[in-house]
$ cat work-v8.txt   # compact mmCIF, C-alpha atoms
# COMPACT_ATOMS: atom_id res chain seq x y z
CA ILE A 1 -101.14 -23.30 -3.11
CA GLY A 2 -102.55 -19.81 -3.45
CA HIS A 3 -105.35 -18.51 -5.66
CA SER A 4 -105.72 -14.82 -6.60
CA PHE A 5 -105.03 -12.82 -3.42
CA GLY A 6 -103.88 -16.06 -1.76
CA GLY A 7 -101.42 -16.37 -4.65
CA GLN A 8 -100.11 -12.93 -3.83
CA ILE A 9 -99.57 -13.99 -0.22
CA ALA A 10 -97.90 -17.26 -1.27
CA ALA A 11 -95.64 -15.40 -3.72
CA ARG A 12 -94.67 -12.90 -1.01
CA ILE A 13 -93.71 -15.77 1.32
CA ALA A 14 -91.60 -17.34 -1.43
CA ILE A 15 -89.98 -14.00 -2.37
CA ASP A 16 -89.04 -13.25 1.22
CA ALA A 17 -87.93 -16.86 1.76
CA LEU A 18 -89.68 -16.79 5.13
CA TYR A 19 -90.03 -20.57 5.06
CA LYS A 20 -88.28 -23.38 3.25
CA LEU A 21 -90.82 -24.35 0.60
CA SER A 22 -90.55 -27.56 -1.37
CA GLY A 23 -93.01 -26.31 -3.97
CA LEU A 24 -95.33 -23.44 -4.81
CA VAL A 25 -98.56 -23.43 -6.80
CA LEU A 26 -99.88 -20.06 -7.96
CA VAL A 27 -103.40 -20.13 -9.40
CA ASP A 28 -104.52 -17.02 -11.29
CA ALA A 29 -102.30 -15.19 -8.81
CA ALA A 30 -102.73 -11.47 -8.17
CA VAL A 31 -99.03 -10.61 -8.15
CA ALA A 32 -99.18 -7.70 -10.60
CA ARG A 33 -101.20 -4.53 -10.55
CA ASN A 34 -103.50 -4.02 -13.46
CA ASN A 35 -103.18 -0.55 -14.93
CA SER A 36 -105.45 -1.19 -17.90
CA TYR A 37 -107.81 1.55 -19.04
CA SER A 38 -110.73 -0.57 -17.86
CA THR A 39 -109.32 -0.85 -14.34
CA ILE A 40 -108.42 2.83 -14.14
CA PHE A 41 -111.91 3.70 -15.43
CA ASN A 42 -113.58 1.48 -12.79
CA ILE A 43 -111.52 2.99 -9.98
CA THR A 44 -112.13 6.57 -11.16
CA VAL A 45 -115.89 6.08 -11.56
CA ALA A 46 -116.12 4.37 -8.16
CA ARG A 47 -114.24 7.18 -6.41
CA LEU A 48 -116.15 9.98 -8.14
CA GLY A 49 -119.43 8.18 -7.56
CA LYS A 50 -118.69 7.84 -3.87
CA GLN A 51 -117.82 11.54 -3.53
CA LEU A 52 -120.95 12.63 -5.39
CA ILE A 53 -123.35 10.25 -3.67
CA GLN A 54 -122.03 11.10 -0.19
CA LYS A 55 -123.13 14.72 -0.76
CA THR A 56 -126.75 13.83 -1.53
CA PRO A 57 -129.62 12.13 0.25
CA MET A 58 -128.67 9.05 -1.79
CA LYS A 59 -125.77 8.50 0.62
CA HIS A 60 -128.01 6.15 2.61
CA PHE A 61 -128.11 3.88 -0.46
CA TYR A 62 -124.41 4.09 -1.30
CA ARG A 63 -123.64 0.47 -0.51
CA GLN A 64 -126.50 -0.86 -2.65
CA LEU A 65 -125.62 1.50 -5.52
CA ARG A 66 -121.95 0.49 -5.37
CA ASN A 67 -122.83 -3.22 -5.39
CA HIS A 68 -125.14 -2.68 -8.36
CA TYR A 69 -122.39 -0.81 -10.23
CA TYR A 70 -119.91 -3.64 -9.60
CA ARG A 71 -122.44 -6.19 -10.85
CA LEU A 72 -122.98 -4.13 -14.01
CA ARG A 73 -119.22 -4.02 -14.54
CA LYS A 74 -119.06 -7.82 -14.00
CA ILE A 75 -116.85 -7.48 -10.92
CA GLU A 76 -119.15 -9.49 -8.68
CA ALA A 77 -117.40 -12.75 -9.61
CA SER A 78 -114.45 -11.82 -7.46
CA ASP A 79 -114.07 -11.65 -3.71
CA TYR A 80 -113.80 -7.90 -4.11
CA LEU A 81 -117.52 -7.26 -3.80
CA GLN A 82 -117.66 -9.06 -0.44
CA ILE A 83 -114.55 -7.32 0.85
CA VAL A 84 -115.63 -3.76 0.03
CA ASN A 85 -118.69 -4.24 2.21
CA ASN A 86 -116.46 -4.82 5.25
CA PRO A 87 -114.61 -1.54 6.05
CA PRO A 88 -111.58 -3.05 7.85
CA LEU A 89 -111.10 -5.58 5.05
CA ALA A 90 -111.62 -2.87 2.42
CA GLU A 91 -108.78 -0.82 3.92
CA THR A 92 -106.52 -3.88 4.00
CA LEU A 93 -107.41 -4.71 0.40
CA SER A 94 -106.66 -1.15 -0.68
CA ASN A 95 -103.18 -1.36 0.83
CA ILE A 96 -102.55 -4.76 -0.71
CA MET A 97 -103.76 -3.69 -4.15
CA ARG A 98 -101.01 -1.09 -4.27
CA GLU A 99 -98.29 -3.74 -3.99
CA ASP A 100 -96.91 -5.08 -7.27
CA LEU A 101 -94.81 -8.21 -6.74
CA LEU A 102 -94.12 -9.03 -10.37
CA SER A 103 -90.75 -7.27 -10.40
CA LEU A 104 -89.69 -9.28 -7.31
CA CYS A 105 -90.75 -12.74 -8.45
CA TYR A 106 -87.33 -13.44 -9.97
CA LYS A 107 -86.27 -14.06 -6.34
CA ILE A 108 -88.47 -17.15 -6.13
CA ASN A 109 -86.18 -20.20 -6.23
CA THR A 110 -88.87 -22.70 -5.31
CA PRO A 111 -90.19 -25.04 -8.02
CA THR A 112 -93.44 -23.36 -9.06
CA LEU A 113 -96.55 -24.50 -10.90
CA LEU A 114 -98.49 -21.64 -12.48
CA PHE A 115 -102.11 -22.61 -13.19
CA TRP A 116 -104.07 -20.04 -15.22
CA GLY A 117 -107.44 -19.67 -16.87
CA GLU A 118 -107.11 -18.55 -20.48
CA LYS A 119 -110.07 -16.19 -20.08
CA ASP A 120 -109.17 -14.67 -16.72
CA PRO A 121 -110.63 -11.15 -17.06
CA PRO A 122 -108.37 -8.14 -17.64
CA GLU A 123 -109.73 -6.56 -14.45
CA LEU A 124 -108.51 -9.48 -12.35
CA THR A 125 -105.43 -11.53 -13.29
CA PRO A 126 -105.17 -11.78 -17.07
CA LEU A 127 -103.18 -14.56 -18.68
CA LYS A 128 -100.39 -12.14 -19.62
CA TYR A 129 -99.44 -12.14 -15.91
CA GLY A 130 -99.05 -15.89 -16.01
CA HIS A 131 -96.68 -15.58 -18.96
CA GLN A 132 -94.73 -12.82 -17.21
CA LEU A 133 -94.42 -14.94 -14.08
CA ALA A 134 -93.25 -17.93 -16.12
CA LYS A 135 -90.43 -15.79 -17.52
CA SER A 136 -89.56 -14.35 -14.11
CA ILE A 137 -89.58 -17.52 -11.96
CA LYS A 138 -86.70 -19.75 -13.11
CA LYS A 139 -88.11 -23.06 -11.89
CA SER A 140 -91.68 -22.57 -13.10
CA ARG A 141 -94.09 -24.23 -15.49
CA LEU A 142 -97.21 -22.49 -16.77
CA VAL A 143 -100.36 -24.52 -17.40
CA VAL A 144 -103.05 -22.59 -19.30
CA ILE A 145 -106.59 -23.96 -19.19
CA PRO A 146 -108.62 -23.05 -22.29
CA ASN A 147 -112.03 -21.40 -22.01
CA VAL A 148 -111.98 -20.87 -18.24
CA GLY A 149 -111.74 -17.70 -16.19
CA HIS A 150 -110.41 -16.51 -12.85
CA PHE A 151 -111.54 -19.54 -10.87
CA SER A 152 -109.68 -22.00 -13.07
CA TYR A 153 -109.28 -24.59 -10.30
CA LEU A 154 -113.07 -24.68 -9.84
CA GLU A 155 -113.88 -24.57 -13.55
CA ALA A 156 -111.43 -27.37 -14.38
CA PRO A 157 -111.03 -29.27 -11.08
CA ASP A 158 -109.98 -32.59 -12.63
CA ARG A 159 -107.19 -30.95 -14.61
CA PHE A 160 -106.12 -28.95 -11.56
CA VAL A 161 -105.81 -32.07 -9.40
CA ILE A 162 -103.87 -33.92 -12.12
CA GLU A 163 -101.44 -31.03 -12.60
CA VAL A 164 -100.86 -30.59 -8.86
CA GLN A 165 -100.35 -34.34 -8.40
CA GLN A 166 -97.81 -34.46 -11.25
CA PHE A 167 -96.07 -31.36 -9.89
CA THR A 168 -95.76 -32.73 -6.36
CA LYS A 169 -94.44 -36.10 -7.59
CA ASN A 170 -91.53 -34.27 -9.19
CA LEU A 171 -90.54 -32.33 -6.07

$ encode --input "work-v8.txt" --output "structure tokens"
Amino acid sequence: IGHSFGGQIAARIAIDALYKLSGLVLVDAAVARNNSYSTIFNITVARLGKQLIQKTPMKHFYRQLRNHYYRLRKIEASDYLQIVNNPPLAETLSNIMREDLLSLCYKINTPTLLFWGEKDPPELTPLKYGHQLAKSIKKSRLVVIPNVGHFSYLEAPDRFVIEVQQFTKNL
């Protein structure tokens, strides 16, 4: 079972067939790169802001300003805000965020449950990725949870447990 970035890791393991898996559960999985205008805008503003701020006395407040910007853009709900404040993790995340696994997911032959929040934000893992994965992974089933976001397993824990139990019974 992998959620978001953990879903990316789980998908990579399944794609590479590193281990014999009896089943795979991807929850709002970050397997595709989001090239929406909103995401490109956020990245551009963050990079320009960093360059500008680093050249002023405000550079001492860069971290606080960046965190405030992310909160304004509603990005604080993800693990991203915690990661960017840890330089080694930020570098790792940057490398990972460049990898798009969606075009490789057709290699997954493991029975797969896709669990997705209907309202997962466009900046994170929008529902369209769940639909794309369902088409790509032959032995998959997509479960969409209405009115929940990126943390669908936390927002609908009873449904999540029921779906995982049903899925594992059929393995």

$ closest_residue --input "work-v8.txt" --among "A:Leu72, A:Ile108, A:Ala30, A:Leu52" --to "A:Leu18" --atoms "only C-alpha atoms"
A:Ile108

$ axis_aligned_box --input "work-v8.txt" --around "stretch 151-165 of chain A" --padding-each-side "6 Å" --output "JSON"
{"center_x": -107.1, "center_y": -26.9, "center_z": -11.5, "size_x": 25.5, "size_y": 26.8, "size_z": 18.2}

$ residues_around --input "work-v8.txt" --residues "A:Leu127" --least-positions-apart "5" --cutoff "7 Å" --atoms "only C-alpha atoms" --output "PDB file with C-alpha atoms, in the coordinates of the input"
ATOM      1  CA  TRP A 116    -104.070 -20.040 -15.220  1.00  0.00           C
ATOM      2  CA  GLY A 117    -107.440 -19.670 -16.870  1.00  0.00           C
ATOM      3  CA  GLU A 118    -107.110 -18.550 -20.480  1.00  0.00           C
ATOM      4  CA  ASP A 120    -109.170 -14.670 -16.720  1.00  0.00           C
TER       5      ASP A 120
END

$ residues_around --input "work-v8.txt" --residues "A:Cys105" --least-positions-apart "5" --cutoff "10 Å" --atoms "all atoms listed in the file" --output "ChimeraX atom specification"
/A:11-12,14-16,31,100,132-138

$ residues_near_point --input "work-v8.txt" --point "(-104.2, -29.1, -20.0)" --cutoff "12 Å" --atoms "all atoms listed in the file" --output "list in words"
Phe115, Trp116, Gly117, Glu118, Leu142, Val143, Val144, Ile145, Pro146, Asn147, Val148, Ser152, Tyr153, Ala156, Pro157, Asp158, Arg159, Phe160, Val161, Ile162, Glu163 and Val164 of chain A

$ closest_residue --input "work-v8.txt" --among "A:Lys55, A:Lys20, A:Arg63, A:Lys139" --to "A:Asn109" --atoms "only C-alpha atoms"
A:Lys139

$ closest_residue --input "work-v8.txt" --among "A:Arg71, A:Arg47, A:Phe41, A:Thr112" --to "A:Ala10" --atoms "only C-alpha atoms"
A:Thr112

$ residues_around --input "work-v8.txt" --residues "A:Val27" --least-positions-apart "5" --cutoff "7 Å" --atoms "all atoms listed in the file" --output "PyMOL selection string"
chain A and resi 2-4+7+114-116

$ closest_residue --input "work-v8.txt" --among "A:Asn86, A:Asp28, A:Val45, A:Thr56" --to "A:Pro121" --atoms "only C-alpha atoms"
A:Asp28

$ atom_distance --input "work-v8.txt" --atom1 "atom CA of A:Thr125" --atom2 "atom CA of A:Ser140"
17.6 Å

$ atom_distance --input "work-v8.txt" --atom1 "atom CA of A:Thr110" --atom2 "atom CA of A:Gly23"
5.7 Å

$ atom_distance --input "work-v8.txt" --atom1 "atom CA of A:Lys128" --atom2 "atom CA of A:Pro111"
20.1 Å

$ closest_residue --input "work-v8.txt" --among "A:Tyr106, A:Pro57, A:Leu113, A:Glu91" --to "A:Leu26" --atoms "all atoms listed in the file"
A:Leu113

$ residues_near_point --input "work-v8.txt" --point "(-122.4, 5.8, -4.2)" --cutoff "12 Å" --atoms "all atoms listed in the file" --output "PyMOL selection string"
chain A and resi 45-70
